[in-house]
Structure formats: C-alpha cells, structure tokens
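Working notes, beginning with the structure itself.
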Amino acid sequence: MQVNWTGVFPAVATQMNEDGSIDYKMTGEQIEALIDAGVDGLVMLGSVGENTALDLEEKIAVLKLAVEITNKRIPVLSGVAETTTRGAIAYAKKCEELGADGLMLLPGMIYTADPRENIAHFRAVANETRLPIMIYNNPGAYRVDIKPEEFNQLADVPNLVAIKESSGDPRRVTDIYNACGDRFVLFCGMDDLVMETQVLGVVGWISGFTDAFPAESVALWKLLSEGKYAEALKIYRWFTPVLHMDVHAKLVQYIKLAQAMTGVGKEYVRAPRLSLVGKEREQISAIIQKTIDTRPSL
C-alpha cells in the first residue's frame, strides 16, 4: 500500500472549555488555521488531542469534524489508543466508516506488552481495516519499545505503512532503515529532534508545537527539505527551548498554554490533567513569551 504522507502533520489539540467540555467550534477553527498555514496532514486524537481522556462518542465527533472541515484537502489520521486489541479494532473500523485517511496506532494502553504480544496487536488491528496505518513507537510514554527488527517482522502486513519514531534516539532512524530498507515511511515524533532525524532520512514530522507556531514549523520543515540547513538551523535554535517541552509529561498543558499565548487556542485541559499554576506556570510562560518576542522573520 502506497501513501503520500510527507511533511508537517501537527498532532492537533482538542480544544476544551473551562468546564472540560469540548469546544468544537474552536477545534474546527484551529484545524482551518493549520491548513491555511500550509501543514501537510493532521493527526487527530493523539496524545496532544487527549485521546484517552475522551469518550468514544466524543472521539467520533472530533474525527467527523476534522474530516468534514478538511474535505480531502490534506490527509486526516486518527490516533488509536484503546486499552484492548478488540477495542482498537472497533475504533479503527469506525474511523474507516467516518472517512479518515489513516490511523496512528499505539500499543494497547495500560498493559505493557512483550514483543510477541505487541506484534500480534498491530497485526490484528491492521487485518481488520483497509486504512493505512502508522505505528507509533514512544517507549518513554507508553513503556513499550518496538525495536527495528520487530518492525521488520511486520513488513509483510500491507497496510502497516509508516512509523512515528519517538524513542528519543536519532540513531534509531538509521537502524530502522538498515533493518527494513525503505519498507516504511518514517516520521519524526519528537519536536526537538526534527532536524537531526530529517538529515537521517525521516520524510515527515508529527509535531505538537506546530499547534501554537504553525508558520514557523512549516518554514522550518521546508528549509530542511530543501537542504538549506544553515537557514533552518537559525529557526531551529530559536524554536528549541519550547520544542523541548514536547517530550515532557505535561506536553499537553504546555502546548495548550502556548496556543493561548499566541492567540490560536485555549489552555484548558481535561482532568486528570490540570492547567498550570504557580512557579511552573511562571517558568513555562516565560519561555513561551521569549519565543514569541523573538519570532524570526520568515
């Protein structure tokens, strides 16, 4: 199965009201603004989209909204972060029914699977949908590390087409290529490793802070893709202090605070997450504000 997934795919935040309900209007406005900024695809209902804090009906409503607003202008992927393989299959089928262009499939949440179980999970979900699937590897967050040789064991599944690599080790990109050749489309999944991994061969970037700084993210990726590394490095060094926040446990709060400060979203999150307070809020706000104040001319 072939896909045209390349470029900047923001991990889209699900906008909330102060009471924790979903603000569908602002979520839709955010999607349109990202498209206007030139992103190449959208990943709805990932970690930044607070997938595991949403009810099934809410997930369906958010994905339906994204598919309708996007109207096939760019690909729309949905995160699949269910706790069981059976649940993941059911949700994947619903995504296909709603018109999603693909899935970003996580390991089964809560349970820490061993490699045999993990491979069986990905195979089982892929076998029950015609949609192309990106496998999401984030051992720091989900306690499951999919090694390069394990990806190679999945190479015979036609609709497992891409990998979001978030191990935090840029050497993994080369290791995956050496183990699997060009079988999978590789995406960088950590904001503060985009330049390092692009040089090594990733063709796309699933980014959290694109939600708050879309124009700069698109410009950075364009320069990297054109091999204009000196120009890209200037933007990357400016951007890196906030990009580091993408790998923190509170990345959702940090990204949403940045959205509020840049005027493109709200900072509200759903419990058990809570909005930032006190010294932590002051420190994070100061970093974000400095980034805003020193924005490069594009």
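Residue numbering restarts at 1 for every chain of the structure tokens, chains are lettered A, B, ... in their displayed order, and ligands are numbered from 1 as they appear.
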Quick one: everything within 9 Å of region 271-278 of chain A, counting only C-alpha atoms, minus sequence neighbours fewer than 3 positions away in the same chain. Send it as a PyMOL selection string.
-> chain A and resi 20+53+250+252-254+257+267-268+281-284
Dump as a PDB file, in the first residue's frame, selection limited to C-alpha atoms:
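part.pdb was written with the following content:
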```pdb
ATOM      1  CA  GLY A  20     -13.722  20.352  30.485  1.00  0.00           C
ATOM      2  CA  ALA A  53      -9.478  11.363  28.253  1.00  0.00           C
ATOM      3  CA  LYS A 250       2.839  17.797  30.685  1.00  0.00           C
ATOM      4  CA  VAL A 252      -0.480  18.885  26.538  1.00  0.00           C
ATOM      5  CA  GLN A 253      -0.624  21.651  29.152  1.00  0.00           C
ATOM      6  CA  TYR A 254       2.494  23.310  27.717  1.00  0.00           C
ATOM      7  CA  LEU A 257      -0.709  27.308  27.131  1.00  0.00           C
ATOM      8  CA  GLU A 267      -5.225  26.372  27.624  1.00  0.00           C
ATOM      9  CA  TYR A 268      -7.996  24.288  29.196  1.00  0.00           C
ATOM     10  CA  ARG A 281       3.350  28.314  35.127  1.00  0.00           C
ATOM     11  CA  GLU A 282       5.660  31.292  35.501  1.00  0.00           C
ATOM     12  CA  GLN A 283       8.671  29.361  34.192  1.00  0.00           C
ATOM     13  CA  ILE A 284       6.875  27.841  31.209  1.00  0.00           C
TER      14      ILE A 284
END
```
Excluding same-chain residues fewer than 6 positions from Val218 (chain A), what lies within 7 Å of it counting only C-alpha atoms, as a ChimeraX atom specification?
-> /A:8,38-39
Those same residues, written as a JSON list (two decimals), in the first residue's frame with C-alpha atoms?
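In the end it all went to again34.json:
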```json
[["chain", "number", "residue", "atom", "x", "y", "z"],
["A", 8, "VAL", "CA", 4.36, 18.56, 8.70],
["A", 38, "GLY", "CA", 0.40, 25.05, 4.96],
["A", 39, "VAL", "CA", 0.58, 21.87, 7.01]]
```
Exercise: Ala61 (chain A) partners within 12 Å, only C-alpha atoms, chain neighbours under 2 positions left out, as a list of chain:residue names = A:Thr14, A:Ile22, A:Asp23, A:Tyr24, A:Lys25, A:Thr27, A:Gly28, A:Met44, A:Leu45, A:Leu54, A:Asp55, A:Leu56, A:Glu57, A:Glu58, A:Lys59, A:Leu63, A:Lys64, A:Leu65, A:Ala66, A:Val67, A:Glu68, A:Ser78, A:Lys94, A:Cys95, A:Leu98
Compare A:Pro132, A:Val144, A:Pro139, A:Val185 by their minimum atom-to-atom distance to Asn118 (chain A), counting only C-alpha atoms, and give me the closest one.
-> A:Val144
Mind listing the strand (DSSP E) residues of region 23-229 of chain A, per DSSP on the backbone, as JSON, numbers by chain?
-> {"A": [42, 43, 44, 76, 77, 78, 79, 80, 102, 103, 104, 105, 133, 134, 135, 136, 137, 160, 161, 162, 163, 164, 165, 185, 186, 187, 188, 204, 205, 206, 207]}
Same residues, N, CA, C and O atoms, saved as a CSV table (one decimal), in the first residue's frame:
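File written: out04.csv
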```csv
chain,number,residue,atom,x,y,z
A,42,LEU,N,-3.0,16.1,9.1
A,42,LEU,CA,-3.4,16.3,10.5
A,42,LEU,C,-3.5,14.9,11.2
A,42,LEU,O,-3.9,13.9,10.6
A,43,VAL,N,-3.0,14.9,12.5
A,43,VAL,CA,-3.2,13.7,13.3
A,43,VAL,C,-4.1,14.2,14.4
A,43,VAL,O,-3.8,14.9,15.3
A,44,MET,N,-5.4,13.7,14.4
A,44,MET,CA,-6.4,14.0,15.4
A,44,MET,C,-6.3,12.9,16.5
A,44,MET,O,-5.9,11.8,16.2
A,76,VAL,N,-6.1,13.1,6.9
A,76,VAL,CA,-6.5,13.2,8.3
A,76,VAL,C,-6.3,11.8,8.9
A,76,VAL,O,-7.0,10.8,8.4
A,77,LEU,N,-5.5,11.7,9.9
A,77,LEU,CA,-5.2,10.4,10.6
A,77,LEU,C,-5.8,10.6,12.0
A,77,LEU,O,-5.9,11.6,12.5
A,78,SER,N,-6.3,9.4,12.5
A,78,SER,CA,-6.8,9.4,13.9
A,78,SER,C,-5.9,8.5,14.7
A,78,SER,O,-5.5,7.4,14.3
A,79,GLY,N,-5.5,9.0,15.9
A,79,GLY,CA,-4.9,8.2,16.9
A,79,GLY,C,-5.8,7.0,17.3
A,79,GLY,O,-7.0,7.2,17.5
A,80,VAL,N,-5.2,5.9,17.6
A,80,VAL,CA,-6.0,4.7,18.1
A,80,VAL,C,-5.2,4.3,19.3
A,80,VAL,O,-4.1,3.7,19.3
A,102,GLY,N,-6.3,7.6,7.4
A,102,GLY,CA,-5.4,6.6,8.0
A,102,GLY,C,-5.4,6.6,9.5
A,102,GLY,O,-6.2,7.4,10.1
A,103,LEU,N,-4.6,5.8,10.1
A,103,LEU,CA,-4.6,5.6,11.6
A,103,LEU,C,-3.2,5.8,12.1
A,103,LEU,O,-2.2,5.4,11.4
A,104,MET,N,-3.1,6.3,13.3
A,104,MET,CA,-1.8,6.2,14.0
A,104,MET,C,-2.1,5.3,15.2
A,104,MET,O,-2.7,5.6,16.2
A,105,LEU,N,-1.5,4.1,15.1
A,105,LEU,CA,-1.9,3.0,16.0
A,105,LEU,C,-0.8,2.9,17.2
A,105,LEU,O,0.4,2.7,16.9
A,133,ILE,N,-1.9,2.5,8.0
A,133,ILE,CA,-1.6,2.6,9.5
A,133,ILE,C,-0.1,3.1,9.7
A,133,ILE,O,0.8,2.5,9.1
A,134,MET,N,0.0,4.1,10.6
A,134,MET,CA,1.3,4.5,11.1
A,134,MET,C,1.4,3.9,12.5
A,134,MET,O,0.6,4.1,13.3
A,135,ILE,N,2.5,3.2,12.7
A,135,ILE,CA,2.8,2.6,14.0
A,135,ILE,C,3.5,3.7,14.9
A,135,ILE,O,4.4,4.3,14.4
A,136,TYR,N,3.0,3.9,16.1
A,136,TYR,CA,3.6,4.9,17.0
A,136,TYR,C,4.5,4.2,18.0
A,136,TYR,O,4.0,3.5,18.9
A,137,ASN,N,5.8,4.5,18.0
A,137,ASN,CA,6.7,4.0,18.9
A,137,ASN,C,7.2,5.1,19.9
A,137,ASN,O,7.9,6.0,19.5
A,160,LEU,N,0.4,-1.7,7.0
A,160,LEU,CA,1.3,-1.0,8.0
A,160,LEU,C,2.3,-0.3,7.2
A,160,LEU,O,3.3,-0.9,6.7
A,161,VAL,N,2.2,1.0,7.0
A,161,VAL,CA,2.9,1.7,6.0
A,161,VAL,C,3.9,2.7,6.6
A,161,VAL,O,4.9,3.1,5.9
A,162,ALA,N,3.8,3.1,7.8
A,162,ALA,CA,4.6,4.2,8.4
A,162,ALA,C,5.0,4.0,9.8
A,162,ALA,O,4.3,3.2,10.5
A,163,ILE,N,6.0,4.7,10.3
A,163,ILE,CA,6.4,4.6,11.7
A,163,ILE,C,6.6,6.1,12.2
A,163,ILE,O,7.3,6.9,11.6
A,164,LYS,N,6.0,6.3,13.3
A,164,LYS,CA,6.3,7.6,14.1
A,164,LYS,C,7.3,7.2,15.1
A,164,LYS,O,7.0,6.5,16.1
A,165,GLU,N,8.5,7.6,14.9
A,165,GLU,CA,9.6,7.2,15.8
A,165,GLU,C,9.9,8.2,16.9
A,165,GLU,O,10.2,9.4,16.6
A,185,VAL,N,7.4,4.4,5.7
A,185,VAL,CA,7.6,5.8,5.7
A,185,VAL,C,7.9,6.2,7.1
A,185,VAL,O,7.2,5.9,8.1
A,186,LEU,N,9.0,7.0,7.3
A,186,LEU,CA,9.4,7.3,8.7
A,186,LEU,C,9.1,8.8,9.0
A,186,LEU,O,9.5,9.7,8.2
A,187,PHE,N,8.5,9.0,10.2
A,187,PHE,CA,8.2,10.3,10.7
A,187,PHE,C,9.0,10.5,12.0
A,187,PHE,O,9.1,9.6,12.8
A,188,CYS,N,9.4,11.8,12.2
A,188,CYS,CA,9.9,12.2,13.5
A,188,CYS,C,8.7,12.5,14.4
A,188,CYS,O,7.8,13.2,14.0
A,204,GLY,N,8.8,13.1,7.3
A,204,GLY,CA,7.7,13.9,7.9
A,204,GLY,C,7.9,14.1,9.4
A,204,GLY,O,8.8,13.5,10.0
A,205,TRP,N,7.1,15.0,9.9
A,205,TRP,CA,7.3,15.5,11.3
A,205,TRP,C,5.9,15.6,11.9
A,205,TRP,O,5.1,16.4,11.5
A,206,ILE,N,5.6,14.7,12.9
A,206,ILE,CA,4.4,14.9,13.7
A,206,ILE,C,4.7,15.7,14.9
A,206,ILE,O,5.4,15.3,15.8
A,207,SER,N,4.2,16.9,14.9
A,207,SER,CA,4.7,18.0,15.8
A,207,SER,C,3.6,18.5,16.7
A,207,SER,O,2.5,18.8,16.2
```
Among the residues of region 24-227 of chain A, find those DSSP assigns to helix (DSSP H, G or I) from the backbone and print them as a PyMOL selection string.
-> chain A and resi 24-37+51-53+56-70+85-98+115-127+139-142+148-152+171-180+191-200+209-211+214-225
Could you give me, as a tab-separated table, every region 223-287 of chain A residue with an atom at most 10 Å from region 208-215 of chain A, plus its closest atom pair and distance in Å to one decimal, counting only C-alpha atoms, rows ordered by chain then number?
```
residue	atom	partner	partner_atom	distance
A:Phe239	CA	A:Phe213	CA	9.3
A:Val242	CA	A:Phe209	CA	7.7
A:Leu243	CA	A:Phe209	CA	6.7
A:His244	CA	A:Phe209	CA	9.8
A:Met245	CA	A:Phe209	CA	8.7
A:Asp246	CA	A:Gly208	CA	6.4
A:Val247	CA	A:Gly208	CA	9.6
A:Leu251	CA	A:Gly208	CA	8.1
A:Val252	CA	A:Gly208	CA	8.4
A:Tyr254	CA	A:Phe209	CA	9.0
A:Ile255	CA	A:Phe209	CA	6.0
A:Lys256	CA	A:Ala212	CA	7.7
A:Leu257	CA	A:Ala212	CA	8.8
A:Ala258	CA	A:Ala212	CA	5.7
A:Gln259	CA	A:Ala212	CA	4.5
A:Ala260	CA	A:Ala212	CA	8.1
A:Met261	CA	A:Ala212	CA	8.4
A:Thr262	CA	A:Ala212	CA	6.4
A:Gly263	CA	A:Ala212	CA	8.3
A:Val264	CA	A:Ala212	CA	6.6
A:Gly265	CA	A:Ala212	CA	8.0
```
Which residue out of A:Val125, A:Ile31, A:Ile235, A:Met16 has the minimum interatomic distance to Leu223 (chain A) when only C-alpha atoms are used?
->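 Nearest to Leu223 (chain A): A:Ile235.
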Excluding Thr197 (chain A) and any residue of its chain fewer than 2 positions from it, enumerate the residues within 10 Å of it, using only C-alpha atoms, and give them as a ChimeraX atom specification.
-> /A:165,169-174,186-190,192-195,199-205
Keeping N, CA and C atoms, export the residues of the selection given above as a short mmCIF file (atom, residue, chain, number, x, y, z; two decimals), in the first residue's frame.
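Saved to part.cif:
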```
data_model
loop_
_atom_site.label_atom_id
_atom_site.label_comp_id
_atom_site.auth_asym_id
_atom_site.auth_seq_id
_atom_site.Cartn_x
_atom_site.Cartn_y
_atom_site.Cartn_z
N GLU A 165 8.52 7.60 14.91
CA GLU A 165 9.63 7.20 15.76
C GLU A 165 9.86 8.23 16.86
N ASP A 169 16.04 8.51 20.45
CA ASP A 169 17.39 8.18 19.97
C ASP A 169 17.41 8.33 18.46
N PRO A 170 18.02 9.39 17.91
CA PRO A 170 18.01 9.57 16.46
C PRO A 170 18.70 8.44 15.71
N ARG A 171 19.54 7.68 16.40
CA ARG A 171 20.20 6.54 15.74
C ARG A 171 19.21 5.49 15.29
N ARG A 172 18.04 5.48 15.90
CA ARG A 172 17.01 4.51 15.54
C ARG A 172 16.59 4.65 14.07
N VAL A 173 16.61 5.87 13.56
CA VAL A 173 16.21 6.07 12.16
C VAL A 173 17.10 5.24 11.25
N THR A 174 18.40 5.33 11.45
CA THR A 174 19.34 4.55 10.64
C THR A 174 19.17 3.06 10.89
N LEU A 186 9.02 6.96 7.33
CA LEU A 186 9.44 7.32 8.68
C LEU A 186 9.14 8.78 9.00
N PHE A 187 8.52 8.98 10.16
CA PHE A 187 8.21 10.31 10.68
C PHE A 187 8.96 10.54 11.98
N CYS A 188 9.42 11.77 12.17
CA CYS A 188 9.93 12.19 13.46
C CYS A 188 8.75 12.46 14.38
N GLY A 189 8.78 11.92 15.60
CA GLY A 189 7.68 12.11 16.52
C GLY A 189 8.04 12.96 17.72
N MET A 190 9.25 13.51 17.75
CA MET A 190 9.66 14.39 18.85
C MET A 190 10.06 15.74 18.29
N ASP A 192 11.87 18.18 19.29
CA ASP A 192 13.24 18.66 19.40
C ASP A 192 14.26 17.71 18.78
N LEU A 193 13.81 16.85 17.89
CA LEU A 193 14.73 16.01 17.12
C LEU A 193 14.45 16.10 15.63
N VAL A 194 13.67 17.08 15.21
CA VAL A 194 13.26 17.11 13.81
C VAL A 194 14.44 17.34 12.87
N MET A 195 15.35 18.23 13.21
CA MET A 195 16.46 18.49 12.30
C MET A 195 17.42 17.31 12.23
N VAL A 199 17.82 14.83 8.65
CA VAL A 199 19.10 14.58 8.00
C VAL A 199 19.32 13.08 7.78
N LEU A 200 18.79 12.28 8.70
CA LEU A 200 18.99 10.83 8.64
C LEU A 200 17.95 10.11 7.79
N GLY A 201 16.91 10.84 7.33
CA GLY A 201 16.00 10.21 6.38
C GLY A 201 14.53 10.22 6.69
N VAL A 202 14.08 10.83 7.81
CA VAL A 202 12.64 10.91 8.01
C VAL A 202 12.05 11.84 6.96
N VAL A 203 10.82 11.56 6.54
CA VAL A 203 10.19 12.35 5.48
C VAL A 203 9.03 13.18 6.00
N GLY A 204 8.77 13.09 7.31
CA GLY A 204 7.68 13.87 7.89
C GLY A 204 7.91 14.12 9.36
N TRP A 205 7.11 15.03 9.90
CA TRP A 205 7.26 15.47 11.28
C TRP A 205 5.88 15.58 11.91
#
```
One-decimal distance in Å that lies between CA of Ile119 (chain A) and CA of Tyr142 (chain A) =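 CA of Tyr142 (chain A) sits 15.1 Å away from CA of Ile119 (chain A).
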Write out as a ChimeraX atom specification the residues lying within 8 Å of Met109 (chain A), counting only C-alpha atoms and excluding same-chain residues fewer than 5 positions away.
-> /A:81-84,142
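A straight line drawn from CA of Ala13 (chain A) to CA of Val48 (chain A) is 5.2 Å long.
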